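What follows is final25.tsv (TSV, C-alpha atoms and all ligand atoms).
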chain	number	residue	atom	x	y	z
A	1	MET	CA	-20.66	1.31	-20.76
A	2	ASN	CA	-17.55	-0.15	-19.14
A	3	ASP	CA	-17.90	-2.02	-15.89
A	4	PRO	CA	-17.38	0.23	-12.91
A	5	VAL	CA	-14.02	-0.15	-11.17
A	6	ILE	CA	-15.89	-0.48	-7.88
A	7	SER	CA	-19.51	-0.88	-6.83
A	8	LEU	CA	-21.00	-0.56	-3.40
A	9	ARG	CA	-24.48	-2.08	-3.15
A	10	GLY	CA	-26.68	-1.43	-0.16
A	11	ILE	CA	-23.81	-1.12	2.28
A	12	ASP	CA	-24.49	-0.96	6.01
A	13	LYS	CA	-21.66	-0.71	8.48
A	14	ILE	CA	-22.14	-1.31	12.16
A	15	TYR	CA	-19.26	-1.05	14.62
A	16	ASP	CA	-19.88	-3.33	17.54
A	17	GLN	CA	-17.08	-3.04	20.05
A	18	GLY	CA	-18.93	-2.73	23.31
A	19	VAL	CA	-21.28	-0.10	21.96
A	20	ARG	CA	-23.20	-0.88	18.80
A	21	THR	CA	-23.05	2.04	16.36
A	22	GLN	CA	-24.39	2.04	12.84
A	23	VAL	CA	-22.19	4.31	10.74
A	24	LEU	CA	-23.30	3.59	7.14
A	25	PHE	CA	-26.88	3.11	5.95
A	26	GLY	CA	-27.70	1.58	2.56
A	27	VAL	CA	-24.81	3.18	0.69
A	28	ASN	CA	-24.72	2.68	-3.10
A	29	LEU	CA	-21.87	3.95	-5.22
A	30	ASP	CA	-20.41	3.03	-8.61
A	31	ILE	CA	-17.17	4.55	-9.84
A	32	ALA	CA	-16.49	4.39	-13.56
A	33	ALA	CA	-13.07	3.76	-15.05
A	34	GLY	CA	-11.05	6.96	-15.02
A	35	GLU	CA	-13.66	8.89	-13.05
A	36	PHE	CA	-12.51	11.46	-10.46
A	37	VAL	CA	-14.99	11.43	-7.59
A	38	ALA	CA	-14.89	13.66	-4.52
A	39	LEU	CA	-16.55	12.30	-1.40
A	40	VAL	CA	-17.41	15.20	0.89
A	41	GLY	CA	-18.97	15.31	4.32
A	42	ALA	CA	-18.44	16.59	7.82
A	43	SER	CA	-16.05	14.96	10.21
A	44	GLY	CA	-17.63	11.78	11.59
A	45	SER	CA	-20.06	11.34	8.68
A	46	GLY	CA	-18.56	7.97	7.62
A	47	LYS	CA	-16.11	8.91	4.83
A	48	SER	CA	-13.13	6.93	6.09
A	49	THR	CA	-15.35	3.99	6.95
A	50	MET	CA	-16.58	3.99	3.36
A	51	LEU	CA	-13.07	4.28	1.96
A	52	ASN	CA	-11.85	1.38	4.09
A	53	LEU	CA	-14.63	-0.77	2.66
A	54	VAL	CA	-13.80	0.23	-0.91
A	55	GLY	CA	-10.12	-0.48	-0.15
A	56	LEU	CA	-10.94	-3.99	1.11
A	57	LEU	CA	-9.43	-3.04	4.46
A	58	ASP	CA	-12.72	-3.71	6.25
A	59	THR	CA	-15.90	-5.69	5.59
A	60	PRO	CA	-19.48	-4.40	5.49
A	61	SER	CA	-22.19	-5.52	7.93
A	62	ALA	CA	-24.63	-5.81	5.02
A	63	GLY	CA	-24.50	-5.27	1.28
A	64	GLN	CA	-21.87	-5.97	-1.34
A	65	VAL	CA	-18.54	-4.54	-2.44
A	66	LEU	CA	-17.86	-5.54	-6.05
A	67	ILE	CA	-14.35	-5.09	-7.35
A	68	ALA	CA	-12.95	-6.32	-10.67
A	69	GLY	CA	-16.30	-8.04	-11.18
A	70	ARG	CA	-16.02	-10.02	-7.96
A	71	ASP	CA	-17.87	-9.85	-4.67
A	72	ALA	CA	-15.22	-9.02	-2.08
A	73	ALA	CA	-17.01	-11.20	0.50
A	74	THR	CA	-16.18	-14.32	-1.54
A	75	LEU	CA	-12.43	-13.65	-1.47
A	76	ASP	CA	-10.00	-15.13	1.00
A	77	GLU	CA	-7.35	-12.93	2.62
A	78	ASP	CA	-4.71	-13.73	-0.03
A	79	GLU	CA	-7.04	-12.82	-2.86
A	80	ARG	CA	-8.06	-9.62	-1.10
A	81	SER	CA	-4.42	-8.59	-0.70
A	82	ARG	CA	-3.70	-9.42	-4.31
A	83	LEU	CA	-6.65	-7.34	-5.54
A	84	ARG	CA	-5.53	-4.51	-3.27
A	85	ARG	CA	-2.00	-4.63	-4.62
A	86	GLU	CA	-3.00	-4.92	-8.26
A	87	HIS	CA	-6.06	-2.69	-8.49
A	88	LEU	CA	-5.83	-0.11	-5.74
A	89	GLY	CA	-3.56	2.72	-4.71
A	90	PHE	CA	-3.76	4.43	-1.32
A	91	ILE	CA	-2.93	7.99	-0.27
A	92	PHE	CA	-3.52	9.11	3.31
A	93	GLN	CA	-3.40	12.38	5.21
A	94	SER	CA	0.02	11.41	6.55
A	95	HIS	CA	2.47	10.33	3.89
A	96	TYR	CA	3.79	7.24	5.75
A	97	LEU	CA	7.09	7.45	3.87
A	98	LEU	CA	9.79	5.40	5.60
A	99	PRO	CA	12.33	7.79	7.17
A	100	ASP	CA	15.43	5.65	6.54
A	101	PHE	CA	14.90	5.29	2.79
A	102	ASP	CA	15.24	7.83	0.04
A	103	ILE	CA	12.33	8.86	-2.17
A	104	MET	CA	13.05	6.38	-4.97
A	105	GLU	CA	13.34	3.51	-2.49
A	106	ASN	CA	10.13	4.57	-0.80
A	107	VAL	CA	8.27	4.79	-4.05
A	108	PHE	CA	9.47	1.34	-5.10
A	109	MET	CA	8.62	-0.26	-1.78
A	110	PRO	CA	5.23	-1.64	-2.92
A	111	CYS	CA	6.84	-3.11	-6.07
A	112	ARG	CA	9.53	-4.69	-3.91
A	113	LEU	CA	6.93	-6.12	-1.54
A	114	ARG	CA	5.27	-7.68	-4.57
A	115	GLY	CA	8.58	-9.33	-5.38
A	116	GLU	CA	9.15	-7.30	-8.53
A	117	VAL	CA	12.63	-6.32	-9.51
A	118	ALA	CA	12.89	-2.57	-10.01
A	119	LEU	CA	14.12	-2.81	-13.54
A	120	GLY	CA	13.07	-1.91	-17.04
A	121	ASP	CA	9.45	-0.86	-17.41
A	122	SER	CA	8.58	-0.25	-13.78
A	123	TRP	CA	11.73	1.82	-13.29
A	124	LYS	CA	10.96	3.95	-16.32
A	125	ARG	CA	7.35	4.32	-15.22
A	126	VAL	CA	8.38	5.62	-11.82
A	127	GLU	CA	11.07	7.91	-13.26
A	128	THR	CA	8.38	9.47	-15.46
A	129	LEU	CA	6.02	9.89	-12.52
A	130	ILE	CA	8.75	11.42	-10.37
A	131	GLU	CA	9.45	13.90	-13.15
A	132	THR	CA	5.75	14.66	-13.63
A	133	VAL	CA	5.31	15.57	-9.97
A	134	GLY	CA	8.49	17.68	-10.03
A	135	LEU	CA	10.62	15.59	-7.67
A	136	SER	CA	13.45	14.63	-10.03
A	137	GLU	CA	16.12	16.59	-8.22
A	138	HIS	CA	14.91	15.35	-4.83
A	139	ARG	CA	14.64	11.67	-5.60
A	140	HIS	CA	17.68	10.63	-3.60
A	141	LYS	CA	16.73	12.65	-0.54
A	142	ARG	CA	15.17	11.27	2.62
A	143	PRO	CA	11.57	12.26	3.40
A	144	HIS	CA	12.57	14.68	6.21
A	145	GLN	CA	14.58	16.71	3.68
A	146	LEU	CA	11.41	17.51	1.72
A	147	SER	CA	8.55	19.95	2.36
A	148	GLY	CA	5.08	18.67	3.29
A	149	GLY	CA	3.84	19.15	-0.26
A	150	GLN	CA	6.84	17.33	-1.72
A	151	GLN	CA	6.37	14.45	0.72
A	152	GLN	CA	2.75	14.13	-0.29
A	153	ARG	CA	3.75	14.19	-3.98
A	154	ALA	CA	6.12	11.30	-3.27
A	155	ALA	CA	3.25	9.45	-1.59
A	156	ILE	CA	1.18	10.03	-4.74
A	157	VAL	CA	3.91	8.53	-6.92
A	158	ARG	CA	4.10	5.54	-4.59
A	159	ALA	CA	0.32	5.04	-4.86
A	160	LEU	CA	0.41	5.24	-8.66
A	161	ALA	CA	3.53	3.15	-9.22
A	162	ASN	CA	1.60	-0.10	-9.71
A	163	GLU	CA	-0.81	1.62	-12.14
A	164	PRO	CA	-3.91	0.96	-10.06
A	165	ARG	CA	-7.30	1.33	-11.69
A	166	LEU	CA	-8.58	3.14	-8.61
A	167	VAL	CA	-6.76	5.42	-6.21
A	168	LEU	CA	-8.23	5.96	-2.77
A	169	ALA	CA	-7.18	9.20	-1.14
A	170	ASP	CA	-8.32	9.98	2.42
A	171	GLU	CA	-7.94	13.71	3.13
A	172	PRO	CA	-4.60	13.71	1.28
A	173	THR	CA	-4.25	17.48	1.52
A	174	GLY	CA	-5.46	17.77	5.11
A	175	ASN	CA	-2.01	18.61	6.49
A	176	LEU	CA	-1.05	21.13	3.81
A	177	ASP	CA	-1.40	24.90	3.60
A	178	THR	CA	-3.97	26.23	1.15
A	179	GLN	CA	-1.59	26.94	-1.70
A	180	THR	CA	0.21	23.59	-1.46
A	181	ARG	CA	-3.17	21.89	-1.11
A	182	ASP	CA	-4.28	23.32	-4.45
A	183	VAL	CA	-1.05	22.25	-6.17
A	184	VAL	CA	-1.32	18.68	-4.85
A	185	PHE	CA	-5.02	18.46	-5.67
A	186	THR	CA	-4.50	19.68	-9.24
A	187	LEU	CA	-1.65	17.22	-9.63
A	188	MET	CA	-3.86	14.29	-8.63
A	189	ARG	CA	-6.63	15.39	-10.93
A	190	ASP	CA	-4.30	15.88	-13.90
A	191	LEU	CA	-2.62	12.52	-13.31
A	192	SER	CA	-6.04	10.89	-13.18
A	193	ARG	CA	-7.05	12.46	-16.48
A	194	LYS	CA	-3.80	11.76	-18.24
A	195	ARG	CA	-3.53	8.18	-17.07
A	196	GLY	CA	-7.22	7.22	-17.01
A	197	GLN	CA	-7.06	6.23	-13.36
A	198	ALA	CA	-10.16	6.60	-11.23
A	199	PHE	CA	-9.88	8.48	-7.93
A	200	LEU	CA	-12.07	8.49	-4.87
A	201	LEU	CA	-10.92	11.56	-2.99
A	202	VAL	CA	-12.24	12.05	0.52
A	203	THR	CA	-12.31	15.58	1.85
A	204	HIS	CA	-14.22	17.67	4.34
A	205	ASP	CA	-13.20	20.72	2.31
A	206	PRO	CA	-15.93	21.50	-0.25
A	207	SER	CA	-13.68	24.02	-2.05
A	208	LEU	CA	-11.67	21.07	-3.40
A	209	ALA	CA	-14.75	19.47	-4.85
A	210	VAL	CA	-15.20	21.87	-7.75
A	211	ASP	CA	-13.15	20.71	-10.69
A	212	VAL	CA	-13.98	17.01	-10.45
A	213	ASP	CA	-16.22	14.63	-12.41
A	214	ARG	CA	-18.65	14.01	-9.57
A	215	VAL	CA	-19.23	15.16	-6.02
A	216	VAL	CA	-20.86	12.70	-3.63
A	217	THR	CA	-22.04	14.11	-0.33
A	218	ILE	CA	-22.41	11.93	2.74
A	219	ARG	CA	-24.25	13.00	5.89
A	220	ASP	CA	-24.62	10.86	9.00
A	221	GLY	CA	-23.79	7.71	7.05
A	222	ARG	CA	-26.12	8.30	4.12
A	223	ILE	CA	-25.38	9.59	0.64
A	224	VAL	CA	-27.59	12.65	0.41
A	225	ASP	CA	-26.45	14.30	-2.81
A	226	GLU	CA	-24.61	13.52	-6.05
A	227	ARG	CA	-23.67	16.22	-8.52
A	228	ARG	CA	-21.61	16.64	-11.65
A	229	PRO	CA	-20.17	20.16	-11.35
B	1	LIG	P1	-15.11	10.57	8.76
B	1	LIG	O1	-13.98	9.92	8.04
B	1	LIG	O2	-16.18	11.08	7.84
B	1	LIG	O3	-14.66	11.62	9.69
B	1	LIG	P2	-15.39	7.99	10.06
B	1	LIG	O4	-15.77	7.04	9.00
B	1	LIG	O5	-13.99	7.98	10.52
B	1	LIG	O6	-15.86	9.46	9.65
B	1	LIG	O7	-16.28	7.74	11.33
B	1	LIG	C1	-17.72	7.70	11.26
B	1	LIG	C2	-18.27	7.36	12.62
B	1	LIG	O8	-17.88	6.03	12.97
B	1	LIG	C3	-17.77	8.26	13.73
B	1	LIG	O9	-18.82	8.49	14.61
B	1	LIG	C4	-16.69	7.42	14.38
B	1	LIG	O10	-16.55	7.74	15.73
B	1	LIG	C5	-17.21	6.01	14.20
B	1	LIG	N1	-16.12	5.01	14.10
B	1	LIG	C6	-15.12	5.00	13.19
B	1	LIG	N2	-14.33	3.93	13.34
B	1	LIG	C7	-14.84	3.24	14.40
B	1	LIG	C8	-14.48	2.03	15.06
B	1	LIG	N3	-13.43	1.30	14.68
B	1	LIG	N4	-15.26	1.64	16.11
B	1	LIG	C9	-16.34	2.34	16.51
B	1	LIG	N5	-16.73	3.49	15.91
B	1	LIG	C10	-16.00	3.93	14.87
B	2	MG	MG	-11.91	10.35	8.07
Would you give me this structure, written as structure tokens?
Amino acid sequence: MNDPVISLRGIDKIYDQGVRTQVLFGVNLDIAAGEFVALVGASGSGKSTMLNLVGLLDTPSAGQVLIAGRDAATLDEDERSRLRREHLGFIFQSHYLLPDFDIMENVFMPCRLRGEVALGDSWKRVETLIETVGLSEHRHKRPHQLSGGQQQRAAIVRALANEPRLVLADEPTGNLDTQTRDVVFTLMRDLSRKRGQAFLLVTHDPSLAVDVDRVVTIRDGRIVDERRP
């Protein structure tokens, strides 16, 4: 079997700002290459906390986060950022597109921040993605000229532009109406299948967690169920 793209081993997370609150308790999770995993749980159950740990945006109080075969705790800040840029893509509930740039510029922003020139392969890759998500005719518009669903599709392209092995999506359809939600969800799942990219999709909406490879349920900071639908 291939190495997992990410492993959480015995993760505890305690927030200690004034009040000491333990939010995660002994969490274990492996995600295989190309696997589409839904993480479901009520609001406040620890989903975003878990995602931030997987995304190397936060550090656990106990346990290990293994990414690309390395223990994240042994990395310095530069190495963490590099791993984030090269291995991970992020999609949030809000699209965080920059209002003064058009869709193509927004989508290329991470490449530009990495110092890449938007030429040749990466340009073609993004053009293909833009076409796949149905934004070709909108690619020179500003974010405010697009619908919520279109904005979120642009955010998906931005997250996939560096061909990450794992995409982390925190309630990416939370601001969308039901129909648009289904379109955006299906798009992510199809992209994952076609491109062999693993997804960890956080949602409090169990109806989205049907056509996925695995559903992981978290309750009060503990993984209480894992199913393959
Ligand atoms: P979810 O994403 O499932 O809604 P979160 O991971 O955001 O849950 O939060 C889990 C629990 O941790 C909640 O009780 C929340 O109030 C608490 N929490 C989240 N972030 C912090 C923080 N920075 N400091 C203290 N408590 C936090
Ligand atoms: Mg959350």
- Quick one: of A:Ser122, A:Ser94, A:Thr74, A:Thr203, who's nearest to Glu163 in chain A, counting only C-alpha atoms? A:Ser122
- Residues within 9 Å of ligand MG 2 (chain B), counting only C-alpha atoms and all ligand atoms: report them as a list in words.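 With only C-alpha atoms and all ligand atoms and a cut-off of 9 Å, ligand MG 2 (chain B) is contacted by Ser43, Gly44, Ser45, Gly46, Lys47, Ser48, Thr49, Leu51, Asp170, Glu171, Val202, Thr203 and His204 of chain A.
One distance worth recording is that between CA of Leu8 in chain A and CA of Val212 in chain A, which is 20.2 Å.
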- Message: Give me, as a PyMOL selection string, the set of residues whose atoms come within 12 Å of any atom of ligand LIG 1 (chain B), counting all atoms listed in the file.
- Response: chain A and resi 12-25+39-53+57-59+92-93+169-171+174+201-205+217-223
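The closest residue to Phe108 in chain A, picked from A:Ser207, A:Val157, A:Gln64, A:Ile11 and counting only C-alpha atoms, is A:Val157.
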- Within 12 Å of Val210 in chain A using all atoms listed in the file, minus same-chain residues under 2 positions, as an MDAnalysis selection string: chainID A and resid 36:40 182 185:186 189 203 205:208 212:216 227:229
Please produce a file of the residues just selected, as a PDB file, in the frame of the given file, where the atoms kept are C-alpha atoms.
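Result went into part.pdb, see below:
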ATOM      1  CA  PHE A  36     -12.510  11.460 -10.460  1.00  0.00           C
ATOM      2  CA  VAL A  37     -14.990  11.430  -7.590  1.00  0.00           C
ATOM      3  CA  ALA A  38     -14.890  13.660  -4.520  1.00  0.00           C
ATOM      4  CA  LEU A  39     -16.550  12.300  -1.400  1.00  0.00           C
ATOM      5  CA  VAL A  40     -17.410  15.200   0.890  1.00  0.00           C
ATOM      6  CA  ASP A 182      -4.280  23.320  -4.450  1.00  0.00           C
ATOM      7  CA  PHE A 185      -5.020  18.460  -5.670  1.00  0.00           C
ATOM      8  CA  THR A 186      -4.500  19.680  -9.240  1.00  0.00           C
ATOM      9  CA  ARG A 189      -6.630  15.390 -10.930  1.00  0.00           C
ATOM     10  CA  THR A 203     -12.310  15.580   1.850  1.00  0.00           C
ATOM     11  CA  ASP A 205     -13.200  20.720   2.310  1.00  0.00           C
ATOM     12  CA  PRO A 206     -15.930  21.500  -0.250  1.00  0.00           C
ATOM     13  CA  SER A 207     -13.680  24.020  -2.050  1.00  0.00           C
ATOM     14  CA  LEU A 208     -11.670  21.070  -3.400  1.00  0.00           C
ATOM     15  CA  VAL A 212     -13.980  17.010 -10.450  1.00  0.00           C
ATOM     16  CA  ASP A 213     -16.220  14.630 -12.410  1.00  0.00           C
ATOM     17  CA  ARG A 214     -18.650  14.010  -9.570  1.00  0.00           C
ATOM     18  CA  VAL A 215     -19.230  15.160  -6.020  1.00  0.00           C
ATOM     19  CA  VAL A 216     -20.860  12.700  -3.630  1.00  0.00           C
ATOM     20  CA  ARG A 227     -23.670  16.220  -8.520  1.00  0.00           C
ATOM     21  CA  ARG A 228     -21.610  16.640 -11.650  1.00  0.00           C
ATOM     22  CA  PRO A 229     -20.170  20.160 -11.350  1.00  0.00           C
TER      23      PRO A 229
END
Let me have the centre and edge lengths in Å, one decimal, of the box along x, y and z around every listed atom of range 35-44 of chain A with 6 Å of margin on each side, as JSON.
{"center_x": -15.7, "center_y": 12.7, "center_z": -0.7, "size_x": 18.5, "size_y": 19.7, "size_z": 36.6}
- Quote the spacing between CA of Ile67 in chain A and CA of Ile6 in chain A in Å to one decimal place. 4.9 Å
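Atom pair CA of Gly89 in chain A / CA of Gly26 in chain A has a distance of 25.2 Å (rounded to one decimal).
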Counting only C-alpha atoms, what are the residues of range 48-127 of chain A within 10 Å of range 134-151 of chain A, and for each of them which pair of atoms is the nearest and at what distance in Å, to one decimal? Sort the table by chain and rising number, as JSON lines.
{"residue": "A:Ser94", "atom": "CA", "partner": "A:Gln151", "partner_atom": "CA", "distance": 9.1}
{"residue": "A:His95", "atom": "CA", "partner": "A:Gln151", "partner_atom": "CA", "distance": 6.5}
{"residue": "A:Tyr96", "atom": "CA", "partner": "A:Gln151", "partner_atom": "CA", "distance": 9.2}
{"residue": "A:Leu97", "atom": "CA", "partner": "A:Pro143", "partner_atom": "CA", "distance": 6.6}
{"residue": "A:Leu98", "atom": "CA", "partner": "A:Pro143", "partner_atom": "CA", "distance": 7.4}
{"residue": "A:Pro99", "atom": "CA", "partner": "A:Pro143", "partner_atom": "CA", "distance": 5.9}
{"residue": "A:Asp100", "atom": "CA", "partner": "A:Arg142", "partner_atom": "CA", "distance": 6.9}
{"residue": "A:Phe101", "atom": "CA", "partner": "A:Arg142", "partner_atom": "CA", "distance": 6.0}
{"residue": "A:Asp102", "atom": "CA", "partner": "A:Arg142", "partner_atom": "CA", "distance": 4.3}
{"residue": "A:Ile103", "atom": "CA", "partner": "A:Arg139", "partner_atom": "CA", "distance": 5.0}
{"residue": "A:Met104", "atom": "CA", "partner": "A:Arg139", "partner_atom": "CA", "distance": 5.6}
{"residue": "A:Glu105", "atom": "CA", "partner": "A:His140", "partner_atom": "CA", "distance": 8.4}
{"residue": "A:Asn106", "atom": "CA", "partner": "A:Pro143", "partner_atom": "CA", "distance": 8.9}
{"residue": "A:Val107", "atom": "CA", "partner": "A:Arg139", "partner_atom": "CA", "distance": 9.5}
{"residue": "A:Glu127", "atom": "CA", "partner": "A:Ser136", "partner_atom": "CA", "distance": 7.8}
- Item | Residue contacts of Val167 in chain A (8 Å, all atoms listed in the file) excluding same-chain residues fewer than 2 positions away, as a PyMOL selection string | chain A and resi 88-91+159-160+164-165+169+197-200
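Nearest-residue note for Leu166 in chain A: choosing from A:His87, A:Ala209, A:Gly69, A:Ser61, the minimum distance belongs to A:His87, counting all atoms listed in the file.
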- Nearby residues (all atoms listed in the file) at most 10 Å from Ala72 in chain A, same-chain spacing under 3 positions excluded, as a PyMOL selection string: chain A and resi 53-54+56+59-60+64-69+75-77+79-80+83
- Using all atoms listed in the file, the best pick from A:Thr173, A:Asn162, A:Thr180, A:Asn28 as closest to Arg85 in chain A would be A:Asn162
Take range 101-110 of chain A, model all heavy atoms, and hand the result over as an mmCIF file, in the coordinates of the input.
data_model
loop_
_atom_site.group_PDB
_atom_site.id
_atom_site.type_symbol
_atom_site.label_atom_id
_atom_site.label_comp_id
_atom_site.auth_asym_id
_atom_site.auth_seq_id
_atom_site.Cartn_x
_atom_site.Cartn_y
_atom_site.Cartn_z
ATOM 1 N N PHE A 101 14.720 5.585 4.220
ATOM 2 C CA PHE A 101 14.900 5.290 2.790
ATOM 3 C C PHE A 101 14.723 6.559 1.987
ATOM 4 O O PHE A 101 13.957 7.438 2.370
ATOM 5 C CB PHE A 101 13.878 4.239 2.354
ATOM 6 C CG PHE A 101 14.073 2.902 2.999
ATOM 7 C CD1 PHE A 101 13.470 2.600 4.211
ATOM 8 C CD2 PHE A 101 14.882 1.937 2.400
ATOM 9 C CE1 PHE A 101 13.664 1.370 4.825
ATOM 10 C CE2 PHE A 101 15.076 0.700 3.000
ATOM 11 C CZ PHE A 101 14.466 0.421 4.211
ATOM 12 N N ASP A 102 15.426 6.637 0.865
ATOM 13 C CA ASP A 102 15.240 7.830 0.040
ATOM 14 C C ASP A 102 13.935 7.716 -0.752
ATOM 15 O O ASP A 102 13.221 6.719 -0.664
ATOM 16 C CB ASP A 102 16.483 8.113 -0.830
ATOM 17 C CG ASP A 102 16.632 7.175 -2.025
ATOM 18 O OD1 ASP A 102 15.638 6.498 -2.400
ATOM 19 O OD2 ASP A 102 17.732 7.123 -2.595
ATOM 20 N N ILE A 103 13.631 8.786 -1.509
ATOM 21 C CA ILE A 103 12.330 8.860 -2.170
ATOM 22 C C ILE A 103 12.149 7.729 -3.183
ATOM 23 O O ILE A 103 11.102 7.065 -3.216
ATOM 24 C CB ILE A 103 12.159 10.249 -2.833
ATOM 25 C CG1 ILE A 103 12.136 11.344 -1.757
ATOM 26 C CG2 ILE A 103 10.903 10.317 -3.686
ATOM 27 C CD1 ILE A 103 11.126 11.137 -0.647
ATOM 28 N N MET A 104 13.162 7.466 -3.995
ATOM 29 C CA MET A 104 13.050 6.380 -4.970
ATOM 30 C C MET A 104 12.783 5.042 -4.286
ATOM 31 O O MET A 104 11.934 4.273 -4.706
ATOM 32 C CB MET A 104 14.325 6.276 -5.833
ATOM 33 C CG MET A 104 14.411 7.279 -6.955
ATOM 34 S SD MET A 104 12.946 7.384 -8.004
ATOM 35 C CE MET A 104 13.348 6.255 -9.319
ATOM 36 N N GLU A 105 13.531 4.782 -3.207
ATOM 37 C CA GLU A 105 13.340 3.510 -2.490
ATOM 38 C C GLU A 105 11.930 3.426 -1.898
ATOM 39 O O GLU A 105 11.276 2.379 -1.950
ATOM 40 C CB GLU A 105 14.383 3.368 -1.376
ATOM 41 C CG GLU A 105 15.791 3.159 -1.908
ATOM 42 C CD GLU A 105 16.844 3.282 -0.813
ATOM 43 O OE1 GLU A 105 16.736 4.171 0.053
ATOM 44 O OE2 GLU A 105 17.789 2.492 -0.841
ATOM 45 N N ASN A 106 11.472 4.545 -1.348
ATOM 46 C CA ASN A 106 10.130 4.570 -0.800
ATOM 47 C C ASN A 106 9.071 4.271 -1.859
ATOM 48 O O ASN A 106 8.149 3.498 -1.632
ATOM 49 C CB ASN A 106 9.840 5.943 -0.187
ATOM 50 C CG ASN A 106 10.054 5.962 1.314
ATOM 51 O OD1 ASN A 106 9.265 5.418 2.062
ATOM 52 N ND2 ASN A 106 11.156 6.565 1.732
ATOM 53 N N VAL A 107 9.261 4.908 -3.001
ATOM 54 C CA VAL A 107 8.270 4.790 -4.050
ATOM 55 C C VAL A 107 8.246 3.362 -4.622
ATOM 56 O O VAL A 107 7.205 2.854 -5.024
ATOM 57 C CB VAL A 107 8.607 5.847 -5.128
ATOM 58 C CG1 VAL A 107 8.013 5.508 -6.443
ATOM 59 C CG2 VAL A 107 8.172 7.219 -4.658
ATOM 60 N N PHE A 108 9.386 2.706 -4.586
ATOM 61 C CA PHE A 108 9.470 1.340 -5.100
ATOM 62 C C PHE A 108 9.089 0.281 -4.077
ATOM 63 O O PHE A 108 8.976 -0.889 -4.424
ATOM 64 C CB PHE A 108 10.880 1.036 -5.625
ATOM 65 C CG PHE A 108 11.008 1.293 -7.082
ATOM 66 C CD1 PHE A 108 11.811 2.314 -7.550
ATOM 67 C CD2 PHE A 108 10.297 0.524 -7.996
ATOM 68 C CE1 PHE A 108 11.907 2.562 -8.903
ATOM 69 C CE2 PHE A 108 10.395 0.773 -9.350
ATOM 70 C CZ PHE A 108 11.203 1.790 -9.810
ATOM 71 N N MET A 109 8.884 0.724 -2.827
ATOM 72 C CA MET A 109 8.620 -0.260 -1.780
ATOM 73 C C MET A 109 7.461 -1.213 -2.118
ATOM 74 O O MET A 109 7.614 -2.427 -1.982
ATOM 75 C CB MET A 109 8.373 0.475 -0.456
ATOM 76 C CG MET A 109 8.709 -0.313 0.777
ATOM 77 S SD MET A 109 10.409 -0.943 0.802
ATOM 78 C CE MET A 109 11.333 0.503 1.290
ATOM 79 N N PRO A 110 6.319 -0.701 -2.597
ATOM 80 C CA PRO A 110 5.230 -1.640 -2.920
ATOM 81 C C PRO A 110 5.636 -2.635 -4.010
ATOM 82 O O PRO A 110 5.275 -3.808 -3.924
ATOM 83 C CB PRO A 110 4.099 -0.728 -3.419
ATOM 84 C CG PRO A 110 4.415 0.615 -2.892
ATOM 85 C CD PRO A 110 5.914 0.701 -2.798
#
